[in-house]
$ cat run.cif   # mmCIF, N, CA and C atoms
data_input
#
loop_
_atom_site.label_atom_id
_atom_site.label_comp_id
_atom_site.auth_asym_id
_atom_site.auth_seq_id
_atom_site.Cartn_x
_atom_site.Cartn_y
_atom_site.Cartn_z
N MET A 1467 -21.75 -4.04 1.42
CA MET A 1467 -22.02 -2.75 2.02
C MET A 1467 -20.96 -2.41 3.08
N LEU A 1468 -20.61 -3.40 3.91
CA LEU A 1468 -19.60 -3.17 4.96
C LEU A 1468 -18.28 -2.77 4.34
N LYS A 1469 -17.90 -3.43 3.22
CA LYS A 1469 -16.64 -3.13 2.55
C LYS A 1469 -16.58 -1.67 2.12
N ARG A 1470 -17.66 -1.17 1.53
CA ARG A 1470 -17.70 0.23 1.09
C ARG A 1470 -17.68 1.19 2.28
N THR A 1471 -18.36 0.82 3.37
CA THR A 1471 -18.38 1.67 4.55
C THR A 1471 -17.00 1.79 5.15
N ILE A 1472 -16.28 0.69 5.27
CA ILE A 1472 -14.93 0.72 5.81
C ILE A 1472 -14.03 1.57 4.93
N VAL A 1473 -14.12 1.38 3.62
CA VAL A 1473 -13.30 2.15 2.69
C VAL A 1473 -13.64 3.63 2.79
N SER A 1474 -14.93 3.96 2.86
CA SER A 1474 -15.31 5.37 2.90
C SER A 1474 -14.86 6.06 4.17
N VAL A 1475 -14.68 5.31 5.24
CA VAL A 1475 -14.20 5.89 6.50
C VAL A 1475 -12.68 5.91 6.56
N LEU A 1476 -12.04 4.81 6.23
CA LEU A 1476 -10.59 4.70 6.39
C LEU A 1476 -9.79 5.37 5.30
N LEU A 1477 -10.26 5.34 4.07
CA LEU A 1477 -9.46 5.88 2.98
C LEU A 1477 -9.19 7.37 3.13
N PRO A 1478 -10.17 8.21 3.46
CA PRO A 1478 -9.83 9.63 3.66
C PRO A 1478 -8.84 9.84 4.81
N LEU A 1479 -8.94 9.01 5.84
CA LEU A 1479 -7.98 9.12 6.94
C LEU A 1479 -6.58 8.75 6.49
N ALA A 1480 -6.47 7.68 5.71
CA ALA A 1480 -5.15 7.23 5.26
C ALA A 1480 -4.51 8.27 4.34
N VAL A 1481 -5.30 8.89 3.50
CA VAL A 1481 -4.77 9.89 2.58
C VAL A 1481 -4.28 11.12 3.33
N ALA A 1482 -4.96 11.47 4.41
CA ALA A 1482 -4.64 12.69 5.15
C ALA A 1482 -3.44 12.53 6.08
N LEU A 1483 -3.01 11.32 6.33
CA LEU A 1483 -1.92 11.11 7.28
C LEU A 1483 -0.58 11.57 6.75
N THR A 1484 0.31 11.92 7.65
CA THR A 1484 1.68 12.23 7.29
C THR A 1484 2.34 10.95 6.83
N PRO A 1485 3.10 10.97 5.74
CA PRO A 1485 3.76 9.76 5.27
C PRO A 1485 4.69 9.17 6.33
N VAL A 1486 4.79 7.85 6.33
CA VAL A 1486 5.70 7.17 7.25
C VAL A 1486 7.11 7.63 6.93
N GLY A 1487 7.90 7.87 7.96
CA GLY A 1487 9.26 8.33 7.77
C GLY A 1487 9.40 9.79 8.14
N SER A 1488 8.28 10.51 8.14
CA SER A 1488 8.32 11.89 8.58
C SER A 1488 8.29 11.91 10.09
N THR A 1489 8.95 12.86 10.68
CA THR A 1489 8.93 12.96 12.13
C THR A 1489 8.54 14.36 12.52
N SER A 1490 7.98 14.47 13.69
CA SER A 1490 7.68 15.77 14.23
C SER A 1490 8.37 15.87 15.58
N VAL A 1491 8.35 17.04 16.16
CA VAL A 1491 9.01 17.24 17.45
C VAL A 1491 8.42 16.27 18.46
N GLY A 1492 9.27 15.57 19.15
CA GLY A 1492 8.84 14.63 20.19
C GLY A 1492 8.42 13.26 19.67
N ALA A 1493 8.46 13.06 18.36
CA ALA A 1493 7.99 11.79 17.80
C ALA A 1493 9.05 10.71 17.85
N ALA A 1494 10.30 11.05 18.03
CA ALA A 1494 11.38 10.06 17.96
C ALA A 1494 11.20 8.94 18.96
N ALA A 1495 10.73 9.21 20.14
CA ALA A 1495 10.59 8.18 21.16
C ALA A 1495 9.52 7.15 20.82
N SER A 1496 8.53 7.52 19.99
CA SER A 1496 7.45 6.60 19.69
C SER A 1496 7.57 5.95 18.31
N GLU A 1497 8.65 6.19 17.59
CA GLU A 1497 8.79 5.60 16.28
C GLU A 1497 8.97 4.09 16.38
N PRO A 1498 8.36 3.34 15.45
CA PRO A 1498 8.46 1.88 15.50
C PRO A 1498 9.87 1.40 15.18
N GLN A 1499 10.19 0.26 15.70
CA GLN A 1499 11.46 -0.38 15.42
C GLN A 1499 11.23 -1.49 14.40
N ALA A 1500 12.10 -1.59 13.41
CA ALA A 1500 11.99 -2.65 12.42
C ALA A 1500 12.30 -3.99 13.08
N ALA A 1501 11.77 -5.04 12.49
CA ALA A 1501 12.03 -6.38 13.00
C ALA A 1501 13.53 -6.63 13.05
N VAL A 1502 13.96 -7.40 14.01
CA VAL A 1502 15.38 -7.70 14.15
C VAL A 1502 15.88 -8.31 12.85
N GLY A 1503 16.93 -7.74 12.32
CA GLY A 1503 17.53 -8.25 11.09
C GLY A 1503 16.85 -7.77 9.82
N ALA A 1504 15.74 -7.03 9.94
CA ALA A 1504 15.04 -6.54 8.75
C ALA A 1504 15.73 -5.28 8.24
N THR A 1505 15.88 -5.21 6.94
CA THR A 1505 16.47 -4.04 6.31
C THR A 1505 15.48 -3.49 5.30
N ILE A 1506 15.23 -2.20 5.38
CA ILE A 1506 14.36 -1.55 4.42
C ILE A 1506 15.25 -0.89 3.38
N LYS A 1507 15.08 -1.29 2.12
CA LYS A 1507 15.92 -0.78 1.04
C LYS A 1507 15.10 0.06 0.09
N ASN A 1508 15.70 1.15 -0.36
CA ASN A 1508 15.08 1.99 -1.39
C ASN A 1508 15.52 1.50 -2.76
N ASP A 1509 14.79 1.91 -3.77
CA ASP A 1509 15.12 1.64 -5.16
C ASP A 1509 15.13 0.16 -5.52
N VAL A 1510 14.31 -0.62 -4.83
CA VAL A 1510 14.10 -2.03 -5.17
C VAL A 1510 12.61 -2.32 -5.04
N PHE A 1511 12.16 -3.36 -5.70
CA PHE A 1511 10.77 -3.78 -5.56
C PHE A 1511 10.62 -4.49 -4.23
N TRP A 1512 9.68 -4.04 -3.41
CA TRP A 1512 9.41 -4.69 -2.13
C TRP A 1512 8.47 -5.86 -2.34
N LYS A 1513 8.58 -6.86 -1.50
CA LYS A 1513 7.70 -8.02 -1.56
C LYS A 1513 6.96 -8.17 -0.24
N ASP A 1514 5.77 -8.74 -0.32
CA ASP A 1514 4.99 -8.96 0.89
C ASP A 1514 5.46 -10.23 1.58
N THR A 1515 4.84 -10.58 2.68
CA THR A 1515 5.27 -11.74 3.47
C THR A 1515 5.08 -13.06 2.74
N SER A 1516 4.32 -13.06 1.65
CA SER A 1516 4.16 -14.27 0.83
C SER A 1516 5.11 -14.29 -0.35
N GLY A 1517 5.97 -13.27 -0.47
CA GLY A 1517 6.94 -13.21 -1.56
C GLY A 1517 6.43 -12.57 -2.83
N ASN A 1518 5.23 -11.99 -2.79
CA ASN A 1518 4.66 -11.33 -3.97
C ASN A 1518 5.01 -9.84 -3.97
N PRO A 1519 5.13 -9.25 -5.15
CA PRO A 1519 5.44 -7.81 -5.21
C PRO A 1519 4.36 -6.99 -4.51
N ILE A 1520 4.77 -5.92 -3.85
CA ILE A 1520 3.81 -5.00 -3.24
C ILE A 1520 3.43 -3.97 -4.30
N TYR A 1521 2.13 -3.87 -4.55
CA TYR A 1521 1.59 -2.88 -5.48
C TYR A 1521 0.78 -1.89 -4.66
N SER A 1522 1.35 -0.72 -4.40
CA SER A 1522 0.66 0.27 -3.57
C SER A 1522 1.13 1.67 -3.92
N GLN A 1523 0.99 2.03 -5.20
CA GLN A 1523 1.43 3.32 -5.69
C GLN A 1523 0.71 4.45 -4.96
N GLY A 1524 1.46 5.46 -4.58
CA GLY A 1524 0.86 6.63 -3.94
C GLY A 1524 0.18 6.31 -2.64
N GLY A 1525 0.67 5.31 -1.95
CA GLY A 1525 -0.01 4.83 -0.75
C GLY A 1525 0.06 5.75 0.45
N GLY A 1526 -0.79 5.46 1.40
CA GLY A 1526 -0.80 6.13 2.69
C GLY A 1526 -0.86 5.08 3.77
N VAL A 1527 -0.36 5.41 4.95
CA VAL A 1527 -0.31 4.45 6.05
C VAL A 1527 -1.16 4.96 7.21
N LEU A 1528 -1.93 4.08 7.77
CA LEU A 1528 -2.81 4.36 8.90
C LEU A 1528 -2.45 3.41 10.03
N LYS A 1529 -2.25 3.92 11.23
CA LYS A 1529 -1.93 3.06 12.38
C LYS A 1529 -3.18 2.88 13.23
N VAL A 1530 -3.51 1.61 13.50
CA VAL A 1530 -4.63 1.27 14.37
C VAL A 1530 -4.07 0.34 15.43
N GLY A 1531 -4.05 0.80 16.68
CA GLY A 1531 -3.42 0.01 17.74
C GLY A 1531 -1.94 -0.12 17.44
N SER A 1532 -1.45 -1.34 17.39
CA SER A 1532 -0.03 -1.57 17.10
C SER A 1532 0.20 -2.04 15.67
N THR A 1533 -0.83 -1.95 14.84
CA THR A 1533 -0.73 -2.42 13.45
C THR A 1533 -0.84 -1.24 12.49
N TYR A 1534 0.03 -1.27 11.47
CA TYR A 1534 0.00 -0.27 10.41
C TYR A 1534 -0.72 -0.87 9.20
N TYR A 1535 -1.56 -0.07 8.56
CA TYR A 1535 -2.26 -0.49 7.35
C TYR A 1535 -1.85 0.44 6.22
N TRP A 1536 -1.38 -0.15 5.13
CA TRP A 1536 -0.89 0.59 3.98
C TRP A 1536 -1.91 0.42 2.85
N TYR A 1537 -2.52 1.54 2.46
CA TYR A 1537 -3.47 1.56 1.37
C TYR A 1537 -2.80 2.24 0.18
N GLY A 1538 -2.97 1.70 -1.00
CA GLY A 1538 -2.41 2.31 -2.19
C GLY A 1538 -3.09 1.78 -3.43
N VAL A 1539 -2.68 2.25 -4.59
CA VAL A 1539 -3.32 1.88 -5.85
C VAL A 1539 -2.44 0.93 -6.64
N LYS A 1540 -3.06 -0.07 -7.19
CA LYS A 1540 -2.40 -0.96 -8.15
C LYS A 1540 -2.95 -0.58 -9.52
N TYR A 1541 -2.05 -0.14 -10.39
CA TYR A 1541 -2.43 0.22 -11.75
C TYR A 1541 -2.25 -0.96 -12.69
N GLY A 1542 -2.94 -0.93 -13.81
CA GLY A 1542 -2.86 -2.01 -14.78
C GLY A 1542 -1.45 -2.28 -15.27
N GLY A 1543 -0.63 -1.24 -15.41
CA GLY A 1543 0.73 -1.40 -15.90
C GLY A 1543 1.75 -1.81 -14.86
N ALA A 1544 1.34 -1.93 -13.60
CA ALA A 1544 2.29 -2.24 -12.53
C ALA A 1544 2.93 -3.61 -12.70
N VAL A 1545 2.15 -4.59 -13.08
CA VAL A 1545 2.69 -5.95 -13.21
C VAL A 1545 3.68 -6.03 -14.37
N SER A 1546 3.33 -5.42 -15.52
CA SER A 1546 4.26 -5.48 -16.65
C SER A 1546 5.53 -4.69 -16.35
N TYR A 1547 5.42 -3.58 -15.63
CA TYR A 1547 6.62 -2.83 -15.25
C TYR A 1547 7.48 -3.65 -14.29
N TYR A 1548 6.86 -4.32 -13.32
CA TYR A 1548 7.61 -5.17 -12.40
C TYR A 1548 8.35 -6.26 -13.16
N ASN A 1549 7.69 -6.87 -14.14
CA ASN A 1549 8.31 -7.96 -14.91
C ASN A 1549 9.40 -7.48 -15.86
N ASN A 1550 9.37 -6.21 -16.26
CA ASN A 1550 10.37 -5.69 -17.18
C ASN A 1550 10.65 -4.21 -16.89
N PRO A 1551 11.29 -3.91 -15.77
CA PRO A 1551 11.56 -2.50 -15.45
C PRO A 1551 12.50 -1.84 -16.44
N GLY A 1552 13.33 -2.61 -17.11
CA GLY A 1552 14.25 -2.06 -18.11
C GLY A 1552 13.51 -1.52 -19.32
N GLY A 1553 12.28 -1.94 -19.50
CA GLY A 1553 11.47 -1.46 -20.61
C GLY A 1553 10.96 -0.04 -20.41
N GLY A 1554 11.18 0.49 -19.22
CA GLY A 1554 10.75 1.86 -18.93
C GLY A 1554 9.28 1.96 -18.61
N LYS A 1555 8.84 3.19 -18.54
CA LYS A 1555 7.45 3.47 -18.21
C LYS A 1555 6.53 2.91 -19.28
N ASN A 1556 5.33 2.56 -18.87
CA ASN A 1556 4.31 2.19 -19.84
C ASN A 1556 3.11 3.10 -19.62
N ASN A 1557 2.20 3.09 -20.54
CA ASN A 1557 1.07 4.02 -20.48
C ASN A 1557 -0.18 3.41 -19.88
N ASN A 1558 -0.09 2.21 -19.31
CA ASN A 1558 -1.27 1.57 -18.75
C ASN A 1558 -1.50 2.06 -17.31
N VAL A 1559 -2.27 3.11 -17.20
CA VAL A 1559 -2.57 3.67 -15.88
C VAL A 1559 -4.00 3.33 -15.47
N SER A 1560 -4.55 2.26 -16.07
CA SER A 1560 -5.90 1.84 -15.69
C SER A 1560 -5.92 1.38 -14.24
N PHE A 1561 -7.02 1.63 -13.57
CA PHE A 1561 -7.20 1.27 -12.17
C PHE A 1561 -7.45 -0.22 -12.03
N SER A 1562 -6.62 -0.91 -11.22
CA SER A 1562 -6.83 -2.33 -10.95
C SER A 1562 -7.41 -2.56 -9.56
N ALA A 1563 -6.90 -1.82 -8.57
CA ALA A 1563 -7.39 -2.04 -7.20
C ALA A 1563 -6.79 -1.02 -6.24
N ILE A 1564 -7.46 -0.84 -5.12
CA ILE A 1564 -6.85 -0.20 -3.97
C ILE A 1564 -6.46 -1.36 -3.06
N THR A 1565 -5.17 -1.50 -2.84
CA THR A 1565 -4.66 -2.64 -2.08
C THR A 1565 -4.51 -2.28 -0.60
N ILE A 1566 -4.53 -3.32 0.23
CA ILE A 1566 -4.33 -3.14 1.68
C ILE A 1566 -3.25 -4.12 2.13
N TYR A 1567 -2.26 -3.59 2.84
CA TYR A 1567 -1.20 -4.39 3.45
C TYR A 1567 -1.17 -4.04 4.94
N SER A 1568 -0.74 -4.98 5.77
CA SER A 1568 -0.60 -4.69 7.21
C SER A 1568 0.80 -5.06 7.68
N SER A 1569 1.23 -4.38 8.73
CA SER A 1569 2.56 -4.62 9.31
C SER A 1569 2.56 -4.16 10.76
N THR A 1570 3.38 -4.80 11.56
CA THR A 1570 3.57 -4.33 12.93
C THR A 1570 4.95 -3.72 13.10
N ASP A 1571 5.80 -3.81 12.07
CA ASP A 1571 7.16 -3.29 12.20
C ASP A 1571 7.61 -2.40 11.03
N LEU A 1572 6.74 -2.13 10.09
CA LEU A 1572 7.01 -1.31 8.91
C LEU A 1572 8.04 -1.91 7.95
N ALA A 1573 8.48 -3.11 8.21
CA ALA A 1573 9.44 -3.77 7.32
C ALA A 1573 8.82 -4.99 6.64
N ASN A 1574 7.92 -5.66 7.31
CA ASN A 1574 7.29 -6.87 6.80
C ASN A 1574 5.81 -6.59 6.59
N TRP A 1575 5.35 -6.70 5.34
CA TRP A 1575 3.99 -6.33 4.99
C TRP A 1575 3.21 -7.54 4.48
N LYS A 1576 2.04 -7.78 5.06
CA LYS A 1576 1.15 -8.87 4.68
C LYS A 1576 0.03 -8.31 3.80
N PHE A 1577 -0.21 -8.93 2.65
CA PHE A 1577 -1.32 -8.52 1.79
C PHE A 1577 -2.62 -8.93 2.44
N GLU A 1578 -3.51 -7.97 2.68
CA GLU A 1578 -4.79 -8.23 3.33
C GLU A 1578 -5.94 -8.35 2.33
N GLY A 1579 -5.71 -7.92 1.11
CA GLY A 1579 -6.76 -7.96 0.10
C GLY A 1579 -6.93 -6.60 -0.56
N ASN A 1580 -7.98 -6.49 -1.34
CA ASN A 1580 -8.27 -5.25 -2.03
C ASN A 1580 -9.44 -4.54 -1.37
N ALA A 1581 -9.28 -3.26 -1.12
CA ALA A 1581 -10.36 -2.47 -0.54
C ALA A 1581 -11.39 -2.13 -1.60
N MET A 1582 -10.92 -2.01 -2.85
CA MET A 1582 -11.82 -1.64 -3.94
C MET A 1582 -11.22 -2.11 -5.26
N THR A 1583 -12.08 -2.55 -6.16
CA THR A 1583 -11.67 -2.95 -7.51
C THR A 1583 -12.60 -2.25 -8.50
N PRO A 1584 -12.31 -2.34 -9.80
CA PRO A 1584 -13.19 -1.68 -10.78
C PRO A 1584 -14.66 -2.09 -10.65
N SER A 1585 -14.94 -3.32 -10.25
CA SER A 1585 -16.33 -3.76 -10.13
C SER A 1585 -17.06 -2.98 -9.03
N ASP A 1586 -16.34 -2.43 -8.07
CA ASP A 1586 -16.96 -1.63 -7.01
C ASP A 1586 -17.35 -0.24 -7.48
N LEU A 1587 -16.85 0.17 -8.65
CA LEU A 1587 -17.11 1.52 -9.14
C LEU A 1587 -18.40 1.61 -9.96
N GLY A 1588 -19.01 0.48 -10.22
CA GLY A 1588 -20.27 0.50 -10.95
C GLY A 1588 -20.19 1.10 -12.34
N GLY A 1589 -19.17 0.73 -13.09
CA GLY A 1589 -19.10 1.19 -14.46
C GLY A 1589 -17.99 2.19 -14.75
N GLY A 1590 -17.14 2.44 -13.81
CA GLY A 1590 -16.00 3.32 -14.09
C GLY A 1590 -15.99 4.56 -13.24
N GLY A 1591 -15.05 5.40 -13.53
CA GLY A 1591 -14.91 6.64 -12.79
C GLY A 1591 -13.59 6.73 -12.08
N TRP A 1592 -13.34 7.87 -11.51
CA TRP A 1592 -12.10 8.11 -10.78
C TRP A 1592 -12.26 7.74 -9.32
N VAL A 1593 -11.18 7.32 -8.74
CA VAL A 1593 -11.18 7.00 -7.31
C VAL A 1593 -10.48 8.13 -6.59
#

$ encode --input "run.cif" --output "structure tokens"
Amino acid sequence: MLKRTIVSVLLPLAVALTPVGSTSVGAAASEPQAAVGATIKNDVFWKDTSGNPIYSQGGGVLKVGSTYYWYGVKYGGAVSYYNNPGGGKNNNVSFSAITIYSSTDLANWKFEGNAMTPSDLGGGGWV
């Protein structure tokens, strides 16, 4: 019950947030600094602090205190695409999980677990 309550409160907030990287007037002074020596690269698969691929399609980021939480969707085809990106897109868009990652510097992300999996949907449906 607690898991569903947290998801029902945090997920709408995470979806409504401005994506990380966007700035507004006066925001430059409060933007986080990446860890010393950390480089954020585009067009590569990111890995979490345990060395596993990050699966967080269409994610949103929520800041609580000094920690950022990244919520996103892991689709059924994500793993096969990661293992063979040269094979192109696949049609497996089945829902696997809503994943949660945390970071204090926006460069290093720790997998915290899944906020929701198909078993939480009680037989299917859209998230």

$ residues_around --input "run.cif" --residues "Leu1528 in chain A" --least-positions-apart "4" --cutoff "6 Å" --atoms "all atoms listed in the file" --output "PyMOL selection string"
chain A and resi 1480+1533-1537

$ write_last_selection --input "run.cif" --atoms "N, CA and C atoms" --output "PDB file, in the frame of the given file"
ATOM      1  N   ALA A1480      -6.470   7.680   5.710  1.00  0.00           N
ATOM      2  CA  ALA A1480      -5.150   7.230   5.260  1.00  0.00           C
ATOM      3  C   ALA A1480      -4.510   8.270   4.340  1.00  0.00           C
ATOM      4  N   THR A1533      -0.830  -1.950  14.840  1.00  0.00           N
ATOM      5  CA  THR A1533      -0.730  -2.420  13.450  1.00  0.00           C
ATOM      6  C   THR A1533      -0.840  -1.240  12.490  1.00  0.00           C
ATOM      7  N   TYR A1534       0.030  -1.270  11.470  1.00  0.00           N
ATOM      8  CA  TYR A1534       0.000  -0.270  10.410  1.00  0.00           C
ATOM      9  C   TYR A1534      -0.720  -0.870   9.200  1.00  0.00           C
ATOM     10  N   TYR A1535      -1.560  -0.070   8.560  1.00  0.00           N
ATOM     11  CA  TYR A1535      -2.260  -0.490   7.350  1.00  0.00           C
ATOM     12  C   TYR A1535      -1.850   0.440   6.220  1.00  0.00           C
ATOM     13  N   TRP A1536      -1.380  -0.150   5.130  1.00  0.00           N
ATOM     14  CA  TRP A1536      -0.890   0.590   3.980  1.00  0.00           C
ATOM     15  C   TRP A1536      -1.910   0.420   2.850  1.00  0.00           C
ATOM     16  N   TYR A1537      -2.520   1.540   2.460  1.00  0.00           N
ATOM     17  CA  TYR A1537      -3.470   1.560   1.370  1.00  0.00           C
ATOM     18  C   TYR A1537      -2.800   2.240   0.180  1.00  0.00           C
TER      19      TYR A1537
END

$ residues_around --input "run.cif" --residues "Tyr1548 in chain A" --least-positions-apart "4" --cutoff "8 Å" --atoms "all atoms listed in the file" --output "PyMOL selection string"
chain A and resi 1511+1519+1543-1544+1552

$ closest_atom_pairs --input "run.cif" --of "range 1503-1534 of chain A" --to "range 1570-1581 of chain A" --cutoff "6.5 Å" --atoms "all atoms listed in the file" --output "Markdown table"
| residue | atom | partner | partner_atom | distance |
| --- | --- | --- | --- | --- |
| A:Ala1504 | CA | A:Ala1573 | CA | 6.4 |
| A:Thr1505 | C | A:Ala1573 | CA | 6.4 |
| A:Ile1506 | CA | A:Ala1573 | CA | 6.1 |
| A:Lys1513 | C | A:Trp1575 | N | 6.0 |
| A:Asp1514 | CA | A:Trp1575 | C | 4.3 |
| A:Thr1515 | N | A:Trp1575 | C | 3.9 |
| A:Ser1516 | N | A:Lys1576 | CA | 6.1 |
| A:Ser1532 | C | A:Thr1570 | CA | 4.9 |
| A:Thr1533 | CA | A:Thr1570 | CA | 4.7 |
| A:Tyr1534 | N | A:Thr1570 | N | 4.9 |

$ atom_distance --input "run.cif" --atom1 "CA of Val1510 in chain A" --atom2 "CA of Tyr1547 in chain A"
12.6 Å
